[in-house]
Amino acid sequence: MSGRRLPALVVVDVQRYYLDPDAPFRRYSERLRPGGTGYIANRVRQQVIPALGRLLPLFRSRSWPVVYLRLCGSKEDRSDLHRYFKRFYDAALAEGYQDTYPLCDQELAGMPPELEPAAGELVFDKTGYSGFTSGKLEALLKELRVGLMFMTGLTTSQCVNTTARDASDRGFSVAFVTDALADYSEQAHLAALYSSANVCGGHQVTSALLGAEPDATVDAIMVREGGL
C-alpha cells in the first residue's frame, strides 16, 4: 500500500431481525430472556442510529470507506452458521420459530431504512462472529488502503469485539465509537471495551468528537499507533 492509509467506518450487524419486535429472532430471544432484546433495540434506536446518522454523511463526504457486516445464513438448514448460532437456530425451530437467523436474501437480514448502504459501499455477509472469517474482508480493506477501523454496531462483546481483535491481529488499527455500539446490557458493553483495550489499543471515541474533529481524531490515533 502506498500513500496514507485511510480510516473506515465498520457497521456490524445492525439488522432488522434484531430490531423488529415481530421478528422470530426477537420473539424467541424474549421467550428465553425477557427484556434482553428490548434493551438492545432501544439502545440502537436511541443512540446507535443517531450516532451513525452523524458519521455516515461524514465518511461519505470525505470518500472514506464504509463497510457493512451482516450475520445471516446462506444455506437453508443454516449449517453454515457458527455452531452456537446453529444451536440457537435449531432450538428455536424445534419450538416453531422459523428463520431466527434469516437467509441473506431475506428482508430481515437487511439494515433498517435509516442505514441502507449507499451505492458502491461494501456489504459482507458472515456466518460467524468475525467479519474476517469469509476471507474476503481483509483483502478488500487493504485494496482500499484502510489502516484504521472505526467499529460500530452490535454486539460490543460478541461480533464487534471479535472482528476488532481479528483486525488488530491483521495489522489494522482499531477505535471503538462508544455511542454507536450496543450490547444486551450496559455492563456487557463496558466490560467488552475494557477487555479489548490491550489487544486493540484502547482507542475510544464518541460520534460527536469524531464528527466535530475528524482529522484531529484520526491523526491522534495514528500518532499513538506509531503512524499509518
# chains A, B, ... in the order shown; residues from 1 in each chain; ligands from 1
call {"tool": "closest_atom_pairs", "arguments": {"of": "range 73-159 of chain A", "to": "range 41-61 of chain A", "cutoff": "12 Å", "atoms": "only C-alpha atoms", "output": "JSON lines"}}
result
{"residue": "A:Met111", "atom": "CA", "partner": "A:Ile49", "partner_atom": "CA", "distance": 10.8}
{"residue": "A:Pro112", "atom": "CA", "partner": "A:Ile49", "partner_atom": "CA", "distance": 9.2}
{"residue": "A:Pro113", "atom": "CA", "partner": "A:Ile49", "partner_atom": "CA", "distance": 10.4}
{"residue": "A:Glu114", "atom": "CA", "partner": "A:Ile49", "partner_atom": "CA", "distance": 7.4}
{"residue": "A:Leu115", "atom": "CA", "partner": "A:Ile49", "partner_atom": "CA", "distance": 7.5}
{"residue": "A:Glu116", "atom": "CA", "partner": "A:Leu56", "partner_atom": "CA", "distance": 10.3}
{"residue": "A:Pro117", "atom": "CA", "partner": "A:Leu56", "partner_atom": "CA", "distance": 9.4}
{"residue": "A:Ala118", "atom": "CA", "partner": "A:Arg60", "partner_atom": "CA", "distance": 8.8}
{"residue": "A:Ala119", "atom": "CA", "partner": "A:Arg60", "partner_atom": "CA", "distance": 10.7}
{"residue": "A:Gly120", "atom": "CA", "partner": "A:Arg60", "partner_atom": "CA", "distance": 10.8}
{"residue": "A:Glu121", "atom": "CA", "partner": "A:Arg60", "partner_atom": "CA", "distance": 9.5}
{"residue": "A:Met149", "atom": "CA", "partner": "A:Phe59", "partner_atom": "CA", "distance": 11.9}
{"residue": "A:Phe150", "atom": "CA", "partner": "A:Leu55", "partner_atom": "CA", "distance": 10.2}
{"residue": "A:Met151", "atom": "CA", "partner": "A:Leu52", "partner_atom": "CA", "distance": 10.9}
{"residue": "A:Thr152", "atom": "CA", "partner": "A:Val48", "partner_atom": "CA", "distance": 8.0}
{"residue": "A:Gly153", "atom": "CA", "partner": "A:Val48", "partner_atom": "CA", "distance": 7.1}
{"residue": "A:Leu154", "atom": "CA", "partner": "A:Val44", "partner_atom": "CA", "distance": 8.7}
{"residue": "A:Thr155", "atom": "CA", "partner": "A:Val44", "partner_atom": "CA", "distance": 10.3}
{"residue": "A:Thr156", "atom": "CA", "partner": "A:Val48", "partner_atom": "CA", "distance": 11.7}
call {"tool": "select_by_dssp", "arguments": {"residues": "range 20-215 of chain A", "states": "strand (DSSP E or B)", "output": "ChimeraX atom specification"}}
result
/A:66-71,73,103,122-126,146-154,173-182,204-205
call {"tool": "residues_around", "arguments": {"residues": "Leu210 in chain A", "least_positions_apart": "4", "cutoff": "12 Å", "atoms": "only C-alpha atoms", "output": "list of chain:residue names"}}
result
A:Pro7, A:Leu9, A:Ala51, A:Leu52, A:Arg54, A:Leu55, A:Leu56, A:Leu58, A:Phe59, A:Phe150, A:Ala175, A:Phe176, A:Val177, A:Thr178, A:Asp179, A:Ala180, A:Gln204, A:Val205, A:Thr206, A:Pro214, A:Asp215, A:Ala216, A:Thr217, A:Val218, A:Asp219, A:Ala220, A:Ile221
call {"tool": "write_last_selection", "arguments": {"atoms": "C-alpha atoms", "output": "PDB file, in the first residue's frame"}}
result
ATOM      1  CA  PRO A   7      -9.986   5.350   8.127  1.00  0.00           C
ATOM      2  CA  LEU A   9     -16.431   3.088   9.279  1.00  0.00           C
ATOM      3  CA  ALA A  51     -24.704   8.309  16.025  1.00  0.00           C
ATOM      4  CA  LEU A  52     -24.389   6.607  12.656  1.00  0.00           C
ATOM      5  CA  ARG A  54     -23.815  11.737  12.089  1.00  0.00           C
ATOM      6  CA  LEU A  55     -20.971   9.543  10.906  1.00  0.00           C
ATOM      7  CA  LEU A  56     -22.229   8.124   7.615  1.00  0.00           C
ATOM      8  CA  LEU A  58     -19.069  12.476   7.228  1.00  0.00           C
ATOM      9  CA  PHE A  59     -17.330   9.385   5.859  1.00  0.00           C
ATOM     10  CA  PHE A 150     -13.868   2.708  13.498  1.00  0.00           C
ATOM     11  CA  ALA A 175     -11.090   2.527  17.502  1.00  0.00           C
ATOM     12  CA  PHE A 176     -14.469   1.937  19.149  1.00  0.00           C
ATOM     13  CA  VAL A 177     -17.177   4.581  18.675  1.00  0.00           C
ATOM     14  CA  THR A 178     -18.754   4.070  22.073  1.00  0.00           C
ATOM     15  CA  ASP A 179     -22.201   5.620  21.471  1.00  0.00           C
ATOM     16  CA  ALA A 180     -22.539   3.782  18.156  1.00  0.00           C
ATOM     17  CA  GLN A 204     -12.366   5.004  22.201  1.00  0.00           C
ATOM     18  CA  VAL A 205     -14.169   7.995  20.694  1.00  0.00           C
ATOM     19  CA  THR A 206     -17.708   9.342  20.518  1.00  0.00           C
ATOM     20  CA  PRO A 214     -12.465  14.059  12.206  1.00  0.00           C
ATOM     21  CA  ASP A 215      -8.928  14.830  11.049  1.00  0.00           C
ATOM     22  CA  ALA A 216      -7.632  15.623  14.528  1.00  0.00           C
ATOM     23  CA  THR A 217      -9.211  12.454  15.932  1.00  0.00           C
ATOM     24  CA  VAL A 218      -7.759  10.256  13.203  1.00  0.00           C
ATOM     25  CA  ASP A 219      -4.343  11.924  13.487  1.00  0.00           C
ATOM     26  CA  ALA A 220      -4.276  11.481  17.271  1.00  0.00           C
ATOM     27  CA  ILE A 221      -4.920   7.744  16.923  1.00  0.00           C
TER      28      ILE A 221
END
call {"tool": "atom_distance", "arguments": {"atom1": "CA of Gln106 in chain A", "atom2": "CA of Phe25 in chain A"}}
result
13.4 Å
call {"tool": "closest_atom_pairs", "arguments": {"of": "range 119-139 of chain A", "to": "range 12-20 of chain A", "cutoff": "12 Å", "atoms": "only C-alpha atoms", "output": "tab-separated table"}}
result
residue	atom	partner	partner_atom	distance
A:Leu122	CA	A:Val12	CA	12.0
A:Val123	CA	A:Val12	CA	10.0
A:Phe124	CA	A:Val12	CA	9.6
A:Asp125	CA	A:Asp13	CA	9.3
A:Lys126	CA	A:Asp13	CA	9.5
A:Thr127	CA	A:Asp13	CA	11.1
A:Gly128	CA	A:Asp13	CA	11.2
A:Tyr129	CA	A:Asp13	CA	10.0
A:Ser130	CA	A:Val12	CA	9.6
A:Gly131	CA	A:Val12	CA	8.3
A:Phe132	CA	A:Val12	CA	11.9
call {"tool": "closest_residue", "arguments": {"among": "A:Pro34, A:Ala208, A:Tyr39, A:Val174", "to": "His189 in chain A", "atoms": "only C-alpha atoms"}}
result
A:Tyr39
call {"tool": "select_by_dssp", "arguments": {"residues": "range 73-228 of chain A", "states": "helix (DSSP H, G or I)", "output": "MDAnalysis selection string"}}
result
chainID A and resid 83:94 107:109 113:115 131:134 137:143 156:169 186:200 207:212 214:225
call {"tool": "residues_around", "arguments": {"residues": "Cys72 in chain A", "least_positions_apart": "2", "cutoff": "9 Å", "atoms": "only C-alpha atoms", "output": "MDAnalysis selection string"}}
result
chainID A and resid 70 74 78 81 101:105 109 125:128
call {"tool": "atom_distance", "arguments": {"atom1": "CA of Arg26 in chain A", "atom2": "CA of Asn161 in chain A"}}
result
21.9 Å
call {"tool": "decode", "arguments": {"residues": "range 94-165 of chain A", "atoms": "C-alpha atoms", "output": "short mmCIF file (atom, residue, chain, number, x, y, z; two decimals), in the first residue's frame"}}
result
data_model
loop_
_atom_site.label_atom_id
_atom_site.label_comp_id
_atom_site.auth_asym_id
_atom_site.auth_seq_id
_atom_site.Cartn_x
_atom_site.Cartn_y
_atom_site.Cartn_z
CA ALA A 94 -37.98 -27.12 17.28
CA GLU A 95 -40.35 -24.76 19.11
CA GLY A 96 -41.91 -23.42 15.93
CA TYR A 97 -39.85 -20.25 15.42
CA GLN A 98 -38.84 -20.14 11.75
CA ASP A 99 -35.85 -18.21 10.39
CA THR A 100 -34.49 -16.81 13.66
CA TYR A 101 -31.30 -16.20 11.71
CA PRO A 102 -32.59 -15.20 8.28
CA LEU A 103 -31.08 -16.17 4.97
CA CYS A 104 -29.00 -13.44 3.39
CA ASP A 105 -31.63 -12.70 0.73
CA GLN A 106 -34.49 -12.31 3.22
CA GLU A 107 -35.75 -8.87 4.19
CA LEU A 108 -34.99 -9.27 7.90
CA ALA A 109 -31.29 -9.76 7.10
CA GLY A 110 -31.11 -6.20 5.82
CA MET A 111 -30.33 -2.97 7.61
CA PRO A 112 -33.06 -0.60 8.81
CA PRO A 113 -34.01 2.07 6.24
CA GLU A 114 -32.00 4.78 8.02
CA LEU A 115 -28.79 2.80 7.50
CA GLU A 116 -29.20 1.48 3.97
CA PRO A 117 -25.83 1.29 2.21
CA ALA A 118 -25.14 3.87 -0.47
CA ALA A 119 -24.21 2.79 -3.98
CA GLY A 120 -20.81 1.18 -4.06
CA GLU A 121 -20.47 0.63 -0.32
CA LEU A 122 -19.23 -2.77 0.77
CA VAL A 123 -21.60 -5.30 2.36
CA PHE A 124 -20.09 -8.53 3.69
CA ASP A 125 -22.23 -11.44 4.82
CA LYS A 126 -20.75 -13.61 7.53
CA THR A 127 -21.78 -16.77 9.31
CA GLY A 128 -19.60 -16.42 12.41
CA TYR A 129 -18.60 -13.79 14.92
CA SER A 130 -15.78 -12.15 12.97
CA GLY A 131 -16.12 -10.30 9.70
CA PHE A 132 -12.79 -11.78 8.67
CA THR A 133 -13.99 -15.40 8.61
CA SER A 134 -15.15 -15.11 4.98
CA GLY A 135 -11.57 -14.47 3.86
CA LYS A 136 -12.53 -11.56 1.60
CA LEU A 137 -12.73 -8.64 4.02
CA GLU A 138 -9.01 -8.29 4.72
CA ALA A 139 -8.02 -8.22 1.04
CA LEU A 140 -10.61 -5.61 0.14
CA LEU A 141 -9.76 -3.37 3.09
CA LYS A 142 -6.12 -3.45 2.06
CA GLU A 143 -7.07 -2.76 -1.55
CA LEU A 144 -8.93 0.33 -0.31
CA ARG A 145 -5.83 1.35 1.71
CA VAL A 146 -7.70 1.13 5.01
CA GLY A 147 -5.46 1.32 8.05
CA LEU A 148 -7.86 2.38 10.82
CA MET A 149 -11.25 0.80 11.51
CA PHE A 150 -13.87 2.71 13.50
CA MET A 151 -16.04 -0.04 14.98
CA THR A 152 -19.79 0.44 15.39
CA GLY A 153 -22.85 -1.82 15.66
CA LEU A 154 -23.67 -4.91 17.70
CA THR A 155 -22.97 -6.53 19.85
CA THR A 156 -19.95 -4.93 21.53
CA SER A 157 -18.94 -8.11 23.37
CA GLN A 158 -19.52 -10.53 20.53
CA CYS A 159 -19.28 -9.79 16.79
CA VAL A 160 -17.89 -6.27 17.17
CA ASN A 161 -15.19 -7.33 19.63
CA THR A 162 -14.24 -10.47 17.72
CA THR A 163 -13.93 -8.56 14.45
CA ALA A 164 -11.90 -5.83 16.17
CA ARG A 165 -9.48 -8.32 17.72
#
